>>> print(open('protein00.tsv').read())   # TSV, C-alpha atoms
chain	number	residue	atom	x	y	z
A	1	MET	CA	31.08	-10.29	34.70
A	2	ARG	CA	31.48	-7.09	36.59
A	3	LEU	CA	30.70	-7.13	40.21
A	4	GLU	CA	29.46	-4.07	41.96
A	5	ARG	CA	32.15	-2.30	43.82
A	6	PRO	CA	31.50	-1.66	47.47
A	7	ARG	CA	30.41	1.89	47.99
A	8	THR	CA	32.92	3.83	50.03
A	9	GLY	CA	31.46	7.32	49.82
A	10	GLY	CA	27.88	8.45	49.89
A	11	SER	CA	27.83	10.26	46.53
A	12	GLY	CA	30.86	8.77	44.87
A	13	ASN	CA	29.51	7.21	41.66
A	14	GLU	CA	26.68	9.23	40.19
A	15	ASP	CA	27.83	8.28	36.71
A	16	ASP	CA	27.49	4.60	37.57
A	17	ARG	CA	23.93	5.24	38.59
A	18	ILE	CA	23.22	7.16	35.40
A	19	LEU	CA	24.49	4.41	33.10
A	20	PRO	CA	21.25	2.32	33.09
A	21	LEU	CA	19.35	5.45	32.19
A	22	ILE	CA	21.62	5.99	29.20
A	23	ASN	CA	21.17	2.37	28.17
A	24	VAL	CA	17.40	2.69	28.23
A	25	VAL	CA	17.47	5.99	26.39
A	26	PHE	CA	19.73	4.52	23.73
A	27	LEU	CA	17.42	1.57	23.30
A	28	LEU	CA	14.42	3.88	22.95
A	29	LEU	CA	16.34	5.94	20.43
A	30	ILE	CA	17.20	2.89	18.34
A	31	PHE	CA	13.60	1.66	18.58
A	32	PHE	CA	12.18	4.93	17.28
A	33	MET	CA	14.80	5.15	14.55
A	34	VAL	CA	14.15	1.64	13.27
A	35	VAL	CA	10.40	1.27	13.71
A	36	GLY	CA	9.14	4.73	12.86
A	37	SER	CA	9.23	6.08	9.36
A	38	LEU	CA	10.27	9.64	8.79
A	39	SER	CA	8.14	11.62	6.41
A	40	ALA	CA	7.23	15.18	5.70
A	41	THR	CA	4.26	16.41	7.67
A	42	ASP	CA	1.03	16.86	5.78
A	43	PRO	CA	-0.36	20.36	5.38
A	44	PHE	CA	-3.62	19.21	7.02
A	45	ALA	CA	-4.55	16.16	9.05
A	46	ILE	CA	-6.61	13.36	7.57
A	47	GLU	CA	-8.21	10.26	9.01
A	48	PRO	CA	-7.55	7.55	6.40
A	49	PRO	CA	-10.30	5.02	5.64
A	50	ARG	CA	-10.03	1.66	7.35
A	51	SER	CA	-9.90	-1.42	5.20
A	52	ALA	CA	-9.52	-5.13	5.81
A	53	ASN	CA	-7.26	-5.72	2.83
A	54	GLY	CA	-4.75	-4.00	0.64
A	55	GLU	CA	-1.06	-4.25	-0.08
A	56	ALA	CA	1.36	-2.96	2.49
A	57	GLY	CA	3.51	-0.03	1.49
A	58	ASP	CA	4.13	3.53	2.48
A	59	PRO	CA	2.86	6.38	0.36
A	60	LYS	CA	5.67	7.54	-1.90
A	61	ASP	CA	6.34	9.02	-5.34
A	62	ILE	CA	3.42	11.32	-6.00
A	63	VAL	CA	1.14	11.72	-3.00
A	64	LEU	CA	-2.19	13.50	-3.31
A	65	LEU	CA	-3.94	14.45	-0.11
A	66	ILE	CA	-7.71	14.92	-0.02
A	67	GLY	CA	-9.17	16.45	3.12
A	68	ALA	CA	-12.61	15.80	4.58
A	69	ASP	CA	-13.80	19.14	3.21
A	70	GLY	CA	-12.40	18.49	-0.26
A	71	ARG	CA	-9.14	20.37	0.11
A	72	LEU	CA	-6.31	19.06	-2.06
A	73	ALA	CA	-2.58	18.97	-1.51
A	74	LEU	CA	-0.05	17.54	-3.94
A	75	ASP	CA	3.21	16.43	-2.31
A	76	GLY	CA	2.65	18.65	0.68
A	77	ALA	CA	1.71	21.80	-1.22
A	78	ALA	CA	-1.90	22.90	-1.34
A	79	VAL	CA	-3.42	23.03	-4.83
A	80	GLU	CA	-6.79	24.16	-6.12
A	81	SER	CA	-8.86	21.55	-7.93
A	82	ALA	CA	-8.73	23.74	-11.04
A	83	GLY	CA	-4.93	23.76	-10.96
A	84	LEU	CA	-4.58	20.02	-10.30
A	85	PRO	CA	-4.21	18.80	-13.93
A	86	ALA	CA	-1.40	21.27	-14.57
A	87	ALA	CA	0.34	20.39	-11.31
A	88	ILE	CA	0.07	16.67	-12.06
A	89	ALA	CA	1.37	17.16	-15.59
A	90	ARG	CA	4.39	18.98	-14.19
A	91	ARG	CA	5.07	16.15	-11.74
A	92	LEU	CA	4.62	13.48	-14.42
A	93	GLU	CA	7.38	14.93	-16.55
A	94	ASP	CA	10.06	13.31	-14.39
A	95	ALA	CA	8.14	10.18	-13.31
A	96	PRO	CA	8.67	7.19	-15.59
A	97	HIS	CA	5.91	5.15	-13.94
A	98	PRO	CA	3.07	7.51	-13.29
A	99	GLU	CA	1.50	6.22	-10.10
A	100	VAL	CA	-0.30	8.42	-7.64
A	101	HIS	CA	-0.99	7.53	-4.04
A	102	VAL	CA	-4.23	9.11	-2.92
A	103	LYS	CA	-4.46	9.75	0.80
A	104	ALA	CA	-8.06	10.72	1.35
A	105	ASP	CA	-9.99	11.33	4.53
A	106	GLY	CA	-12.46	8.57	5.36
A	107	GLY	CA	-15.13	11.17	5.90
A	108	ALA	CA	-14.62	12.87	2.56
A	109	GLU	CA	-17.43	12.51	0.08
A	110	ALA	CA	-16.71	9.44	-2.03
A	111	ALA	CA	-18.09	10.98	-5.23
A	112	ALA	CA	-15.71	13.92	-4.84
A	113	VAL	CA	-12.76	11.56	-4.37
A	114	VAL	CA	-13.78	9.63	-7.48
A	115	ALA	CA	-14.00	12.90	-9.37
A	116	VAL	CA	-10.43	13.74	-8.35
A	117	MET	CA	-9.31	10.25	-9.45
A	118	GLU	CA	-10.92	10.78	-12.84
A	119	THR	CA	-9.06	14.07	-13.15
A	120	LEU	CA	-5.83	12.19	-12.41
A	121	ARG	CA	-6.53	9.62	-15.11
A	122	GLU	CA	-7.36	12.30	-17.64
A	123	ALA	CA	-4.05	13.96	-16.77
A	124	GLY	CA	-2.20	10.75	-17.73
A	125	VAL	CA	-1.81	8.89	-14.47
A	126	GLU	CA	-1.77	5.16	-15.10
A	127	ARG	CA	-2.29	3.78	-11.63
A	128	VAL	CA	-4.12	5.23	-8.69
A	129	ARG	CA	-3.65	3.73	-5.28
A	130	LEU	CA	-6.07	4.55	-2.53
A	131	MET	CA	-4.23	4.56	0.77
A	132	THR	CA	-5.91	2.94	3.76
A	133	VAL	CA	-4.97	1.74	7.22
A	134	PRO	CA	-5.86	-1.68	8.65
A	135	GLU	CA	-8.92	-2.05	10.80
A	136	GLY	CA	-8.79	-2.24	14.58
B	1	MET	CA	54.93	23.14	42.99
B	2	ASN	CA	57.75	20.72	43.34
B	3	SER	CA	56.48	19.26	46.52
B	4	PRO	CA	56.28	15.49	46.48
B	5	ALA	CA	52.53	15.57	46.98
B	6	PHE	CA	51.97	17.12	43.52
B	7	ALA	CA	54.65	15.14	41.76
B	8	ARG	CA	53.03	11.89	42.74
B	9	PRO	CA	49.38	12.23	43.67
B	10	PRO	CA	48.00	9.56	45.90
B	11	SER	CA	45.95	6.82	44.27
B	12	TRP	CA	42.56	8.01	45.61
B	13	ARG	CA	43.18	11.28	43.87
B	14	ILE	CA	43.72	9.60	40.50
B	15	ALA	CA	40.56	7.61	41.00
B	16	ARG	CA	38.56	10.74	41.73
B	17	LEU	CA	40.06	12.57	38.77
B	18	ARG	CA	39.15	9.72	36.44
B	19	ARG	CA	35.65	9.59	37.77
B	20	ARG	CA	35.21	13.32	37.38
B	21	HIS	CA	36.59	13.18	33.84
B	22	ARG	CA	34.07	10.49	32.85
B	23	LEU	CA	31.22	12.44	34.37
B	24	ILE	CA	32.05	15.51	32.34
B	25	SER	CA	32.12	13.68	29.03
B	26	LEU	CA	28.93	11.78	29.79
B	27	THR	CA	26.57	14.71	30.33
B	28	PRO	CA	26.70	16.24	26.82
B	29	LEU	CA	26.29	12.75	25.41
B	30	ILE	CA	23.09	12.28	27.36
B	31	ASP	CA	21.87	15.70	26.20
B	32	VAL	CA	22.48	14.86	22.58
B	33	VAL	CA	20.92	11.42	22.88
B	34	PHE	CA	17.86	12.88	24.56
B	35	ILE	CA	17.49	15.48	21.83
B	36	LEU	CA	17.78	12.78	19.17
B	37	LEU	CA	15.23	10.68	21.03
B	38	VAL	CA	12.74	13.53	21.22
B	39	PHE	CA	13.30	14.31	17.55
B	40	PHE	CA	12.63	10.75	16.43
B	41	MET	CA	9.63	10.43	18.74
B	42	LEU	CA	8.04	13.54	17.28
B	43	ALA	CA	9.05	13.10	13.66
B	44	SER	CA	8.36	9.43	13.04
B	45	SER	CA	4.94	8.14	12.15
B	46	PHE	CA	3.72	4.68	13.00
B	47	LEU	CA	0.76	4.47	10.62
B	48	ASP	CA	0.69	1.12	8.87
B	49	TRP	CA	-0.20	2.26	5.38
B	50	ARG	CA	-1.85	-0.05	2.91
B	51	SER	CA	-3.07	0.62	-0.57
B	52	ILE	CA	-5.94	-0.55	-2.73
B	53	VAL	CA	-5.20	-0.55	-6.44
B	54	LEU	CA	-8.24	0.49	-8.38
B	55	SER	CA	-8.45	-0.56	-11.99
B	56	ALA	CA	-9.23	2.46	-14.02
B	57	PRO	CA	-11.97	2.70	-16.59
B	58	SER	CA	-11.09	6.02	-18.15
B	59	ALA	CA	-13.94	8.47	-17.94
B	60	GLY	CA	-14.77	8.33	-21.64
B	61	ALA	CA	-14.68	4.55	-21.90
B	62	ALA	CA	-16.81	4.05	-18.80
B	63	SER	CA	-20.13	4.04	-20.62
B	64	ALA	CA	-18.88	1.66	-23.32
B	65	ALA	CA	-17.41	-0.70	-20.74
B	66	MET	CA	-20.68	-0.75	-18.81
B	67	GLU	CA	-21.95	-3.69	-20.84
B	68	GLY	CA	-21.62	-6.91	-18.91
B	69	THR	CA	-20.40	-5.37	-15.69
B	70	LEU	CA	-22.06	-5.36	-12.33
B	71	LEU	CA	-23.02	-1.97	-11.03
B	72	VAL	CA	-23.11	-1.55	-7.28
B	73	GLU	CA	-24.60	1.72	-6.16
B	74	VAL	CA	-23.76	2.92	-2.68
B	75	ARG	CA	-26.49	5.23	-1.50
B	76	PRO	CA	-26.84	7.01	1.82
B	77	ARG	CA	-29.67	4.61	2.79
B	78	GLY	CA	-28.42	1.34	1.39
B	79	LEU	CA	-26.96	-0.55	-1.51
B	80	ARG	CA	-28.32	-1.35	-4.93
B	81	LEU	CA	-27.07	-4.02	-7.27
B	82	SER	CA	-28.17	-3.32	-10.82
B	83	GLY	CA	-30.95	-1.10	-9.51
B	84	ARG	CA	-32.37	-3.44	-6.89
B	85	PRO	CA	-31.83	-2.71	-3.20
B	86	LEU	CA	-30.12	-5.34	-1.08
B	87	THR	CA	-28.01	-5.69	2.05
B	88	LEU	CA	-24.24	-5.94	2.27
B	89	GLU	CA	-24.42	-9.66	3.11
B	90	ALA	CA	-26.78	-10.38	0.20
B	91	LEU	CA	-24.47	-8.40	-2.09
B	92	GLU	CA	-21.49	-10.51	-1.07
B	93	SER	CA	-23.30	-13.83	-1.73
B	94	ARG	CA	-24.73	-12.59	-5.04
B	95	VAL	CA	-21.32	-11.41	-6.22
B	96	ARG	CA	-19.72	-14.63	-5.05
B	97	SER	CA	-22.12	-16.76	-7.11
B	98	ARG	CA	-21.67	-14.48	-10.08
B	99	LEU	CA	-17.87	-14.76	-9.84
B	100	ALA	CA	-18.16	-18.57	-9.76
B	101	ASP	CA	-19.56	-18.38	-13.30
B	102	LYS	CA	-17.35	-15.61	-14.52
B	103	PRO	CA	-14.14	-15.16	-12.50
B	104	ASP	CA	-12.99	-12.00	-14.26
B	105	GLN	CA	-16.25	-10.20	-13.76
B	106	ALA	CA	-15.71	-6.45	-13.61
B	107	ILE	CA	-17.58	-4.61	-10.91
B	108	PHE	CA	-18.23	-0.88	-10.81
B	109	VAL	CA	-18.93	0.76	-7.50
B	110	LYS	CA	-20.78	4.02	-7.78
B	111	PRO	CA	-21.03	6.06	-4.58
B	112	ALA	CA	-23.94	8.50	-4.59
B	113	ALA	CA	-23.73	12.05	-3.30
B	114	GLY	CA	-23.42	12.24	0.46
B	115	VAL	CA	-21.73	8.86	0.92
B	116	PRO	CA	-18.49	9.09	2.89
B	117	LEU	CA	-15.41	7.40	1.47
B	118	GLN	CA	-15.26	5.03	4.43
B	119	ARG	CA	-18.53	3.39	3.35
B	120	ALA	CA	-17.39	3.00	-0.23
B	121	VAL	CA	-14.16	1.40	1.01
B	122	ALA	CA	-16.20	-0.96	3.23
B	123	VAL	CA	-18.19	-2.07	0.17
B	124	LEU	CA	-14.97	-2.54	-1.79
B	125	ASP	CA	-13.69	-4.68	1.10
B	126	ARG	CA	-16.75	-6.91	0.97
B	127	LEU	CA	-16.42	-7.31	-2.79
B	128	THR	CA	-12.74	-8.19	-2.44
B	129	ALA	CA	-13.67	-10.72	0.24
B	130	ALA	CA	-16.15	-12.22	-2.24
B	131	GLY	CA	-13.27	-12.68	-4.67
B	132	ALA	CA	-13.67	-9.74	-7.00
B	133	THR	CA	-10.43	-8.55	-8.60
B	134	ARG	CA	-11.55	-6.02	-11.19
B	135	LEU	CA	-13.03	-3.28	-9.08
B	136	SER	CA	-13.51	0.29	-10.17
B	137	LEU	CA	-14.92	3.36	-8.56
B	138	ILE	CA	-17.07	5.44	-10.87
B	139	ARG	CA	-19.42	8.36	-10.44
B	140	ASP	CA	-22.35	9.96	-12.17
B	141	ARG	CA	-21.18	11.98	-15.13
B	142	THR	CA	-24.44	13.89	-15.29
B	143	ARG	CA	-23.67	16.02	-12.28
>>> encode(input="protein00.tsv", output="structure tokens")
Amino acid sequence: MRLERPRTGGSGNEDDRILPLINVVFLLLIFFMVVGSLSATDPFAIEPPRSANGEAGDPKDIVLLIGADGRLALDGAAVESAGLPAAIARRLEDAPHPEVHVKADGGAEAAAVVAVMETLREAGVERVRLMTVPEG
Amino acid sequence: MNSPAFARPPSWRIARLRRRHRLISLTPLIDVVFILLVFFMLASSFLDWRSIVLSAPSAGAASAAMEGTLLVEVRPRGLRLSGRPLTLEALESRVRSRLADKPDQAIFVKPAAGVPLQRAVAVLDRLTAAGATRLSLIRDRTR
């Protein structure tokens, strides 16, 4: 145990006073490194639908983003709906287990999202996962 | 330069030198740690992602697979099970009793135009709560 040394001067040990700050900052740093997950930022923001169930797991492999206004982005790059089958086919060439994670906005029209999913299946995607976040 | 005071500095001087030396090496460390902290705070996301796996009736096979499945229509003003309107609670109990007879009952959920995805997901949630495992989202092919 280290006892506090008696202070002789008024401004002698600034570094001793700064040490707790460094400790806290280090702890915060470790917290953010461990708890947060680093990922590429999406080209547009979406509000994912809330759901009471579903398997846990981060979106990975092939990620298709569907905005509230029907915009599409495949792996961070915006695509037109007409060019989606070709873009998917290109991505499927090097994916042994074709699985696409669909991150759609909760306010997007459901029929449009289903239409995009059908396009994916016609392009050869075997599994489609609809990404959600838990309620509350 | 060869005076005894420089050859052998008094002890307080060593103490002050050591303290100053530590202070100098500490400041860049704090800078770097702060920058790292800000980077991780801004770059990390804390969304708890979950996924719903939807079994896929391929578009062509959808009409053939329709036989013997339950069709839940999600309309802007309510739900319909096989054409008859009902509430979400009634849907859950009806599906639950149906699944008691036939556990692998396939259920198609068809959102109509103008229904947001959130509502379709809420219906899927209720069906999952009722015990349904083979859920699919379909849409009208006529439009």
>>> interface_residues(input="protein00.tsv", of="chain B", to="chain A", cutoff="7 Å", atoms="only C-alpha atoms", output="ChimeraX atom specification")
/B:23,30,37,40-41,43-46,48-54,58-59,111-118,120-122,125,137-139
>>> write_last_selection(input="protein00.tsv", atoms="C-alpha atoms", output="PDB file, in the frame of the given file")
ATOM      1  CA  LEU B  23      31.220  12.440  34.370  1.00  0.00           C
ATOM      2  CA  ILE B  30      23.090  12.280  27.360  1.00  0.00           C
ATOM      3  CA  LEU B  37      15.230  10.680  21.030  1.00  0.00           C
ATOM      4  CA  PHE B  40      12.630  10.750  16.430  1.00  0.00           C
ATOM      5  CA  MET B  41       9.630  10.430  18.740  1.00  0.00           C
ATOM      6  CA  ALA B  43       9.050  13.100  13.660  1.00  0.00           C
ATOM      7  CA  SER B  44       8.360   9.430  13.040  1.00  0.00           C
ATOM      8  CA  SER B  45       4.940   8.140  12.150  1.00  0.00           C
ATOM      9  CA  PHE B  46       3.720   4.680  13.000  1.00  0.00           C
ATOM     10  CA  ASP B  48       0.690   1.120   8.870  1.00  0.00           C
ATOM     11  CA  TRP B  49      -0.200   2.260   5.380  1.00  0.00           C
ATOM     12  CA  ARG B  50      -1.850  -0.050   2.910  1.00  0.00           C
ATOM     13  CA  SER B  51      -3.070   0.620  -0.570  1.00  0.00           C
ATOM     14  CA  ILE B  52      -5.940  -0.550  -2.730  1.00  0.00           C
ATOM     15  CA  VAL B  53      -5.200  -0.550  -6.440  1.00  0.00           C
ATOM     16  CA  LEU B  54      -8.240   0.490  -8.380  1.00  0.00           C
ATOM     17  CA  SER B  58     -11.090   6.020 -18.150  1.00  0.00           C
ATOM     18  CA  ALA B  59     -13.940   8.470 -17.940  1.00  0.00           C
ATOM     19  CA  PRO B 111     -21.030   6.060  -4.580  1.00  0.00           C
ATOM     20  CA  ALA B 112     -23.940   8.500  -4.590  1.00  0.00           C
ATOM     21  CA  ALA B 113     -23.730  12.050  -3.300  1.00  0.00           C
ATOM     22  CA  GLY B 114     -23.420  12.240   0.460  1.00  0.00           C
ATOM     23  CA  VAL B 115     -21.730   8.860   0.920  1.00  0.00           C
ATOM     24  CA  PRO B 116     -18.490   9.090   2.890  1.00  0.00           C
ATOM     25  CA  LEU B 117     -15.410   7.400   1.470  1.00  0.00           C
ATOM     26  CA  GLN B 118     -15.260   5.030   4.430  1.00  0.00           C
ATOM     27  CA  ALA B 120     -17.390   3.000  -0.230  1.00  0.00           C
ATOM     28  CA  VAL B 121     -14.160   1.400   1.010  1.00  0.00           C
ATOM     29  CA  ALA B 122     -16.200  -0.960   3.230  1.00  0.00           C
ATOM     30  CA  ASP B 125     -13.690  -4.680   1.100  1.00  0.00           C
ATOM     31  CA  LEU B 137     -14.920   3.360  -8.560  1.00  0.00           C
ATOM     32  CA  ILE B 138     -17.070   5.440 -10.870  1.00  0.00           C
ATOM     33  CA  ARG B 139     -19.420   8.360 -10.440  1.00  0.00           C
TER      34      ARG B 139
END
>>> residues_around(input="protein00.tsv", residues="Arg80 of chain B", least_positions_apart="3", cutoff="12 Å", atoms="only C-alpha atoms", output="PDB file with C-alpha atoms, in the coordinates of the input")
ATOM      1  CA  LEU B  70     -22.060  -5.360 -12.330  1.00  0.00           C
ATOM      2  CA  LEU B  71     -23.020  -1.970 -11.030  1.00  0.00           C
ATOM      3  CA  VAL B  72     -23.110  -1.550  -7.280  1.00  0.00           C
ATOM      4  CA  GLU B  73     -24.600   1.720  -6.160  1.00  0.00           C
ATOM      5  CA  VAL B  74     -23.760   2.920  -2.680  1.00  0.00           C
ATOM      6  CA  ARG B  75     -26.490   5.230  -1.500  1.00  0.00           C
ATOM      7  CA  PRO B  76     -26.840   7.010   1.820  1.00  0.00           C
ATOM      8  CA  ARG B  77     -29.670   4.610   2.790  1.00  0.00           C
ATOM      9  CA  GLY B  83     -30.950  -1.100  -9.510  1.00  0.00           C
ATOM     10  CA  ARG B  84     -32.370  -3.440  -6.890  1.00  0.00           C
ATOM     11  CA  PRO B  85     -31.830  -2.710  -3.200  1.00  0.00           C
ATOM     12  CA  LEU B  86     -30.120  -5.340  -1.080  1.00  0.00           C
ATOM     13  CA  THR B  87     -28.010  -5.690   2.050  1.00  0.00           C
ATOM     14  CA  LEU B  88     -24.240  -5.940   2.270  1.00  0.00           C
ATOM     15  CA  ALA B  90     -26.780 -10.380   0.200  1.00  0.00           C
ATOM     16  CA  LEU B  91     -24.470  -8.400  -2.090  1.00  0.00           C
ATOM     17  CA  ARG B  94     -24.730 -12.590  -5.040  1.00  0.00           C
ATOM     18  CA  PHE B 108     -18.230  -0.880 -10.810  1.00  0.00           C
ATOM     19  CA  VAL B 109     -18.930   0.760  -7.500  1.00  0.00           C
ATOM     20  CA  LYS B 110     -20.780   4.020  -7.780  1.00  0.00           C
ATOM     21  CA  PRO B 111     -21.030   6.060  -4.580  1.00  0.00           C
ATOM     22  CA  ALA B 112     -23.940   8.500  -4.590  1.00  0.00           C
ATOM     23  CA  VAL B 123     -18.190  -2.070   0.170  1.00  0.00           C
TER      24      VAL B 123
END
>>> atom_distance(input="protein00.tsv", atom1="atom CA of Ala123 of chain A", atom2="atom CA of Pro85 of chain A")
5.6 Å
>>> atom_distance(input="protein00.tsv", atom1="atom CA of Val100 of chain A", atom2="atom CA of Ile62 of chain A")
5.0 Å
>>> atom_distance(input="protein00.tsv", atom1="atom CA of Ala130 of chain B", atom2="atom CA of Ser82 of chain B")
17.2 Å
>>> build_atoms(input="protein00.tsv", residues="segment 64-79 of chain A", atoms="N, CA and C atoms", output="compact mmCIF listing (two decimals), in the coordinates of the input")
# COMPACT_ATOMS: atom_id res chain seq x y z
N LEU A 64 -1.13 12.50 -3.27
CA LEU A 64 -2.19 13.50 -3.31
C LEU A 64 -3.03 13.35 -2.06
N LEU A 65 -3.20 14.45 -1.37
CA LEU A 65 -3.94 14.45 -0.11
C LEU A 65 -5.31 15.06 -0.36
N ILE A 66 -6.36 14.39 0.12
CA ILE A 66 -7.71 14.92 -0.02
C ILE A 66 -8.31 15.03 1.37
N GLY A 67 -8.62 16.24 1.79
CA GLY A 67 -9.17 16.45 3.12
C GLY A 67 -10.65 16.15 3.18
N ALA A 68 -11.19 16.11 4.40
CA ALA A 68 -12.61 15.80 4.58
C ALA A 68 -13.49 16.85 3.91
N ASP A 69 -13.00 18.08 3.82
CA ASP A 69 -13.80 19.14 3.21
C ASP A 69 -13.45 19.34 1.74
N GLY A 70 -12.71 18.41 1.16
CA GLY A 70 -12.40 18.49 -0.26
C GLY A 70 -11.14 19.25 -0.61
N ARG A 71 -10.40 19.69 0.41
CA ARG A 71 -9.14 20.37 0.11
C ARG A 71 -8.16 19.41 -0.52
N LEU A 72 -7.30 19.91 -1.38
CA LEU A 72 -6.31 19.06 -2.06
C LEU A 72 -4.92 19.55 -1.73
N ALA A 73 -3.99 18.61 -1.66
CA ALA A 73 -2.58 18.97 -1.51
C ALA A 73 -1.76 17.95 -2.28
N LEU A 74 -0.90 18.43 -3.15
CA LEU A 74 -0.05 17.54 -3.94
C LEU A 74 1.36 17.62 -3.38
N ASP A 75 1.87 16.50 -2.88
CA ASP A 75 3.21 16.43 -2.31
C ASP A 75 3.45 17.53 -1.27
N GLY A 76 2.45 17.72 -0.42
CA GLY A 76 2.65 18.65 0.68
C GLY A 76 2.33 20.10 0.38
N ALA A 77 2.04 20.42 -0.87
CA ALA A 77 1.71 21.80 -1.22
C ALA A 77 0.24 21.87 -1.63
N ALA A 78 -0.48 22.78 -1.04
CA ALA A 78 -1.90 22.90 -1.34
C ALA A 78 -2.12 23.31 -2.80
N VAL A 79 -3.07 22.66 -3.45
CA VAL A 79 -3.42 23.03 -4.83
C VAL A 79 -4.94 23.20 -4.90
